[in-house]
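Okay, protein_26.txt is below, compact mmCIF, C-alpha atoms:
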# COMPACT_ATOMS: atom_id res chain seq x y z
CA MET A 1 109.58 130.03 66.32
CA LYS A 2 110.88 133.15 64.69
CA TYR A 3 113.24 133.22 61.75
CA ILE A 4 114.86 136.02 59.80
CA LEU A 5 115.32 135.52 56.05
CA LEU A 6 118.24 137.62 54.83
CA MET A 7 118.73 138.64 51.21
CA SER A 8 122.28 139.80 50.57
CA GLY A 9 124.22 140.96 47.54
CA THR A 10 127.38 142.76 46.49
CA LYS A 11 127.63 146.31 45.11
CA VAL A 12 127.92 144.81 41.60
CA GLY A 13 124.66 142.94 42.18
CA VAL A 14 122.92 146.14 43.34
CA ASP A 15 124.15 147.97 40.20
CA THR A 16 122.80 145.13 38.04
CA TYR A 17 119.41 145.32 39.76
CA CYS A 18 119.27 149.08 39.11
CA ALA A 19 119.62 148.31 35.38
CA TRP A 20 116.53 146.03 35.24
CA SER A 21 113.68 147.23 33.02
CA GLN A 22 110.71 148.87 34.73
CA LYS A 23 108.52 145.91 33.70
CA ASP A 24 110.90 143.37 35.25
CA ILE A 25 111.10 145.36 38.49
CA GLU A 26 107.31 145.58 38.64
CA ALA A 27 106.91 141.81 38.08
CA HIS A 28 109.52 141.14 40.79
CA MET A 29 107.85 143.49 43.29
CA ALA A 30 104.41 142.05 42.50
CA VAL A 31 105.59 138.55 43.50
CA LEU A 32 107.23 139.81 46.69
CA GLY A 33 104.07 141.80 47.49
CA ARG A 34 101.95 138.66 47.03
CA ILE A 35 104.25 136.64 49.31
CA ASN A 36 103.90 139.33 52.02
CA LYS A 37 100.12 139.29 51.62
CA GLU A 38 99.96 135.50 51.92
CA LEU A 39 102.20 135.52 54.99
CA THR A 40 100.00 138.18 56.59
CA GLU A 41 96.91 136.07 55.89
CA SER A 42 98.51 132.93 57.36
CA GLY A 43 99.55 134.89 60.48
CA GLU A 44 103.24 134.14 59.87
CA PHE A 45 104.28 137.66 58.90
CA VAL A 46 106.23 139.68 61.48
CA ALA A 47 108.15 142.31 59.49
CA THR A 48 109.97 143.03 56.27
CA GLN A 49 112.27 145.87 55.24
CA GLY A 50 114.43 146.84 52.33
CA LEU A 51 117.62 148.69 53.18
CA ALA A 52 119.04 151.72 51.39
CA GLY A 53 122.05 151.03 49.16
CA PRO A 54 125.62 150.50 50.33
CA ASN A 55 126.51 154.06 49.23
CA GLU A 56 124.57 155.28 52.28
CA ALA A 57 126.11 152.72 54.69
CA LYS A 58 128.60 153.58 57.42
CA VAL A 59 130.77 151.38 59.60
CA VAL A 60 131.03 152.80 63.11
CA ARG A 61 133.45 152.00 65.93
CA GLY A 62 133.40 153.51 69.41
CA GLU A 63 136.49 155.52 70.32
CA LYS A 64 138.04 155.28 73.79
CA ASN A 65 135.99 158.34 74.80
CA GLY A 66 132.85 156.77 73.35
CA MET A 67 132.70 159.07 70.31
CA PRO A 68 131.75 157.48 66.99
CA VAL A 69 134.40 156.97 64.31
CA THR A 70 132.62 156.49 60.99
CA ASP A 71 133.91 154.95 57.81
CA GLY A 72 131.95 154.87 54.56
CA ILE A 73 134.30 152.93 52.33
CA PHE A 74 133.62 149.28 51.71
CA PRO A 75 135.46 146.75 49.56
CA GLU A 76 133.70 145.96 46.26
CA SER A 77 133.44 142.30 47.24
CA LYS A 78 131.63 142.89 50.55
CA GLU A 79 128.24 141.26 50.85
CA PHE A 80 125.52 143.70 51.85
CA LEU A 81 122.18 143.04 53.41
CA LEU A 82 119.59 144.18 50.85
CA GLY A 83 116.52 143.37 52.86
CA TYR A 84 114.92 140.89 55.22
CA TRP A 85 111.71 139.15 56.21
CA ILE A 86 110.89 138.09 59.76
CA VAL A 87 108.44 135.21 59.99
CA ASP A 88 106.90 133.30 62.87
CA VAL A 89 106.50 129.72 61.69
CA ALA A 90 105.74 126.26 63.07
CA THR A 91 108.83 124.51 61.67
CA PRO A 92 112.24 125.29 60.17
CA GLU A 93 111.08 123.59 56.96
CA ARG A 94 108.32 126.18 56.61
CA ALA A 95 110.93 128.95 56.93
CA TYR A 96 112.98 127.27 54.16
CA ALA A 97 109.89 126.98 51.96
CA ILE A 98 109.19 130.72 52.31
CA ALA A 99 112.86 131.49 51.58
CA ALA A 100 112.60 129.34 48.42
CA ARG A 101 109.60 131.34 47.21
CA ILE A 102 111.51 134.59 47.70
CA SER A 103 114.51 133.04 45.91
CA ALA A 104 112.24 132.11 42.99
CA ALA A 105 110.89 135.67 42.53
CA PRO A 106 111.23 136.66 38.86
CA GLY A 107 114.22 138.63 37.58
CA PRO A 108 114.95 140.04 34.11
CA GLY A 109 112.69 138.48 31.48
CA GLY A 110 110.72 136.66 34.18
CA THR A 111 113.50 134.15 34.90
CA PRO A 112 113.67 133.31 38.63
CA THR A 113 116.57 135.12 40.28
CA ASN A 114 117.37 132.06 42.44
CA VAL A 115 119.27 134.35 44.82
CA PRO A 116 120.46 132.53 47.94
CA ILE A 117 118.52 133.49 51.07
CA GLU A 118 120.14 133.03 54.48
CA VAL A 119 117.74 131.64 57.08
CA ARG A 120 118.52 132.31 60.74
CA ARG A 121 116.61 131.55 63.90
CA PHE A 122 116.22 134.25 66.54
CA ALA A 123 118.31 133.61 69.65
CA PHE A 124 116.83 133.15 73.10
CA PHE A 125 116.75 136.82 74.04
CA GLU A 126 113.94 138.39 72.06
CA GLN A 127 113.79 141.96 73.19
CA SER A 128 111.46 143.75 70.80
CA LYS A 129 108.00 142.90 71.97
CA SER A 130 108.41 140.83 75.11
CA GLU A 131 109.93 143.57 77.27
CA MET B 1 114.30 158.43 60.05
CA LYS B 2 114.86 154.74 60.59
CA TYR B 3 118.23 153.05 60.69
CA ILE B 4 119.36 149.47 61.17
CA ILE B 5 122.46 149.01 63.31
CA MET B 6 124.09 145.68 62.55
CA MET B 7 126.64 143.73 64.54
CA ASN B 8 128.50 141.25 62.34
CA THR B 9 130.82 138.46 63.33
CA MET B 10 133.27 136.43 61.31
CA ARG B 11 133.79 132.68 61.41
CA ALA B 12 131.18 130.09 60.54
CA GLY B 13 132.17 127.93 63.54
CA HIS B 14 131.42 130.76 65.93
CA GLY B 15 129.74 129.63 69.14
CA VAL B 16 128.97 131.18 72.50
CA PRO B 17 131.98 133.36 73.34
CA GLU B 18 134.39 131.51 75.59
CA TRP B 19 134.51 134.41 78.01
CA PRO B 20 134.38 134.07 81.79
CA GLN B 21 130.82 134.08 83.12
CA LYS B 22 131.43 137.46 84.78
CA ASP B 23 132.50 139.11 81.52
CA LEU B 24 129.52 137.68 79.64
CA GLN B 25 127.17 138.96 82.34
CA ALA B 26 128.72 142.46 82.16
CA HIS B 27 128.33 142.40 78.35
CA ILE B 28 124.67 141.37 78.54
CA ALA B 29 123.96 143.89 81.31
CA PHE B 30 125.41 146.61 79.07
CA MET B 31 123.17 145.58 76.15
CA VAL B 32 120.06 145.41 78.36
CA GLY B 33 120.92 148.87 79.77
CA LEU B 34 121.37 150.31 76.28
CA ASN B 35 118.05 148.89 75.09
CA LYS B 36 116.36 150.35 78.17
CA GLU B 37 117.79 153.79 77.39
CA LEU B 38 116.67 153.60 73.75
CA ARG B 39 113.19 152.51 74.81
CA GLN B 40 112.92 155.38 77.26
CA SER B 41 114.03 157.91 74.60
CA GLY B 42 111.41 156.45 72.24
CA GLU B 43 114.07 155.57 69.64
CA LEU B 44 113.98 151.76 69.86
CA VAL B 45 111.90 150.06 67.18
CA SER B 46 113.24 146.55 67.72
CA ALA B 47 116.35 144.67 68.76
CA GLU B 48 117.05 140.99 68.22
CA GLY B 49 119.92 138.57 68.62
CA LEU B 50 120.26 135.78 66.07
CA SER B 51 121.20 132.17 66.72
CA PHE B 52 124.74 131.14 65.82
CA PRO B 53 125.86 130.38 62.25
CA ASP B 54 126.00 126.62 62.96
CA GLN B 55 122.20 126.74 62.79
CA ALA B 56 122.06 128.92 59.66
CA LYS B 57 120.86 127.63 56.29
CA LEU B 58 121.28 129.06 52.85
CA VAL B 59 118.18 128.45 50.72
CA ARG B 60 117.68 128.64 46.97
CA ALA B 61 114.61 127.70 44.98
CA SER B 62 114.99 124.73 42.67
CA LYS B 63 113.34 124.80 39.22
CA ASP B 64 110.09 123.43 40.68
CA GLY B 65 110.17 126.06 43.44
CA LEU B 66 111.18 123.66 46.23
CA PRO B 67 113.82 124.78 48.73
CA ILE B 68 117.40 123.55 48.32
CA THR B 69 119.09 124.08 51.67
CA ASP B 70 122.78 124.30 52.34
CA GLY B 71 124.33 124.70 55.76
CA VAL B 72 127.97 124.97 54.82
CA PHE B 73 129.52 128.42 54.86
CA PRO B 74 133.07 129.55 54.22
CA GLU B 75 135.01 130.31 57.41
CA SER B 76 135.57 133.87 56.23
CA LYS B 77 131.87 134.72 55.79
CA GLU B 78 130.56 137.56 57.91
CA PHE B 79 127.46 136.70 59.89
CA LEU B 80 124.83 138.96 61.32
CA ALA B 81 124.91 138.40 65.09
CA GLY B 82 122.16 140.83 66.00
CA TYR B 83 120.63 144.16 65.13
CA TRP B 84 118.83 147.21 66.45
CA ILE B 85 116.29 149.22 64.48
CA VAL B 86 116.10 152.77 65.74
CA ASP B 87 113.99 155.75 64.76
CA VAL B 88 116.20 158.82 65.24
CA GLU B 89 116.38 162.52 64.38
CA SER B 90 119.67 162.42 62.47
CA PRO B 91 122.27 160.07 60.96
CA GLU B 92 124.70 161.39 63.60
CA ARG B 93 122.45 160.06 66.36
CA ALA B 94 122.33 156.63 64.66
CA CYS B 95 126.15 156.63 64.53
CA ALA B 96 126.35 157.70 68.19
CA ILE B 97 124.16 154.72 69.18
CA ALA B 98 126.32 152.43 67.01
CA ALA B 99 129.42 153.74 68.81
CA LYS B 100 127.82 152.80 72.14
CA VAL B 101 127.17 149.28 70.84
CA SER B 102 130.76 149.13 69.54
CA ALA B 103 132.09 150.01 72.99
CA ALA B 104 130.21 147.17 74.75
CA PRO B 105 132.50 145.48 77.28
CA GLY B 106 134.34 142.28 76.34
CA PRO B 107 136.76 140.07 78.30
CA GLY B 108 138.06 141.84 81.40
CA GLY B 109 135.56 144.66 80.86
CA LYS B 110 137.63 146.10 78.00
CA PRO B 111 135.53 147.77 75.26
CA LEU B 112 135.27 145.47 72.22
CA ASN B 113 135.40 148.39 69.73
CA MET B 114 133.83 146.11 67.14
CA PRO B 115 132.78 147.60 63.79
CA ILE B 116 129.03 148.22 63.56
CA GLU B 117 127.29 148.71 60.22
CA VAL B 118 124.71 151.53 60.06
CA ARG B 119 122.20 151.60 57.19
CA PRO B 120 119.11 153.72 56.49
CA ILE B 121 115.90 151.72 56.10
CA MET B 122 113.87 152.46 52.99
CA SER B 123 110.21 153.30 53.37
CA GLY B 124 109.25 150.51 50.94
CA PRO B 125 108.57 150.24 47.24
CA PRO B 126 106.32 152.90 45.67
CA PRO B 127 102.61 151.89 45.76
CA GLU B 128 102.43 151.48 41.97
CA MET B 129 104.91 148.58 42.22
CA LEU B 130 102.79 146.59 44.67
Do you think you could lay out the structure here as structure tokens?
Amino acid sequence: MKYILLMSGTKVGVDTYCAWSQKDIEAHMAVLGRINKELTESGEFVATQGLAGPNEAKVVRGEKNGMPVTDGIFPESKEFLLGYWIVDVATPERAYAIAARISAAPGPGGTPTNVPIEVRRFAFFEQSKSE
Amino acid sequence: MKYIIMMNTMRAGHGVPEWPQKDLQAHIAFMVGLNKELRQSGELVSAEGLSFPDQAKLVRASKDGLPITDGVFPESKEFLAGYWIVDVESPERACAIAAKVSAAPGPGGKPLNMPIEVRPIMSGPPPEML
């Protein structure tokens, strides 16, 4: 069964991350890189992506004539998706265990960030590969 | 350039929309048609729908690295309902696709005009950080 692990944060959180030392960022990325490698080796890895910052985000609505109306202003408190992992695992518990490892990735000074990771199962219509 | 087009919903108790069968079918037919178009134009990378928030868990690592799961979310939290990843020529094209998604038919065939979040996807961390 496929799960998506969502890492979200607010604009304030993104600004804080940008202020981490180079060494802390490298240690953080090294752990995430190792998790991806392990998931690839176990055959559970499907995809992972980091998203560009909220400053590049737009909210779009369709007009009556179908033309896009874009809006680039978001409230400071809005939670943004920072990145995600898609995994194909045997049990929900395995998805939670992977999410916990991501949550425990080191932050400033090597302290685990303990960021909450939202774990969601894919719905019945999977349209990417099956069609 | 790659973009993610995200459809969010409010309400943690959100279930299958209580729309008439006919309206649901028209909505799904619209989405299937859109995906077909994007596949034919070579712009579709992937599209997925997520299960409802009642099945979502929030996970944090405990001190010993074990998962602490929590399934209770505030009613006001926005949930990702589904997404499309597209590979397009311009940001304007990504927004045009998002507008199509926004205009998907709802009850009585009326366009939903829901807000759709459009975000560029990063190419990944620089190699020296891996």
If we count all atoms listed in the file and set the cut-off at 8 Å, which residues sit around Val59 of chain A, ignoring sequence neighbours fewer than 6 positions away in its own chain? Please answer as a PyMOL selection string.
(chain A and resi 70-72) or (chain B and resi 115-118)
I'd like the neighbourhood of Ala90 of chain A as number ranges by chain, where a residue qualifies if any of its atoms comes within 9 Å (using all atoms listed in the file), though same-chain residues fewer than 3 positions away should be ignored.
A: 1-2, 44, 93-95
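The space between atom CA of Ser51 of chain B and atom CA of Arg120 of chain A spans 6.6 Å.
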Using only C-alpha atoms, what residues lie at most 12 Å away from (128.6, 140.5, 82.2) (file coordinates), given as a PyMOL selection string?
chain B and resi 17+19-33+104-110
Please return, as a PyMOL selection string, all residues of chain B lying within 8 Å of chain A when only C-alpha atoms are considered.
chain B and resi 45-53+55-62+65-69+95-96+98-103+113-125+129-130
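The coordinates place atom CA of Glu37 of chain B at 11.8 Å from atom CA of Val86 of chain B.
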Please compute the atom CA of Lys11 of chain A-atom CA of Tyr84 of chain A distance, one decimal, in Å.
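Interatomic distance, atom CA of Lys11 of chain A to atom CA of Tyr84 of chain A: 17.1 Å.
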Enclose the full set of atoms of segment 86-92 of chain A listed in the file within a box whose edges lie along x, y and z, apply 6 Å of padding to each of the six sides, and report centre and edge lengths in Å to one decimal as AutoDock Vina command-line options.
--center_x 109.0 --center_y 131.3 --center_z 61.4 --size_x 18.5 --size_y 25.6 --size_z 15.3
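When the distance limit is 12 Å and all atoms listed in the file are what count, the residues near Glu43 of chain B, minus those fewer than 6 positions from it on the same chain, are Met1, Lys2, Tyr3, Ile4, Leu34, Asn35, Lys36, Glu37, Trp84, Ile85, Val86, Asp87, Val88, Glu89, Ser90, Arg93, Ala94 and Ile97 of chain B.
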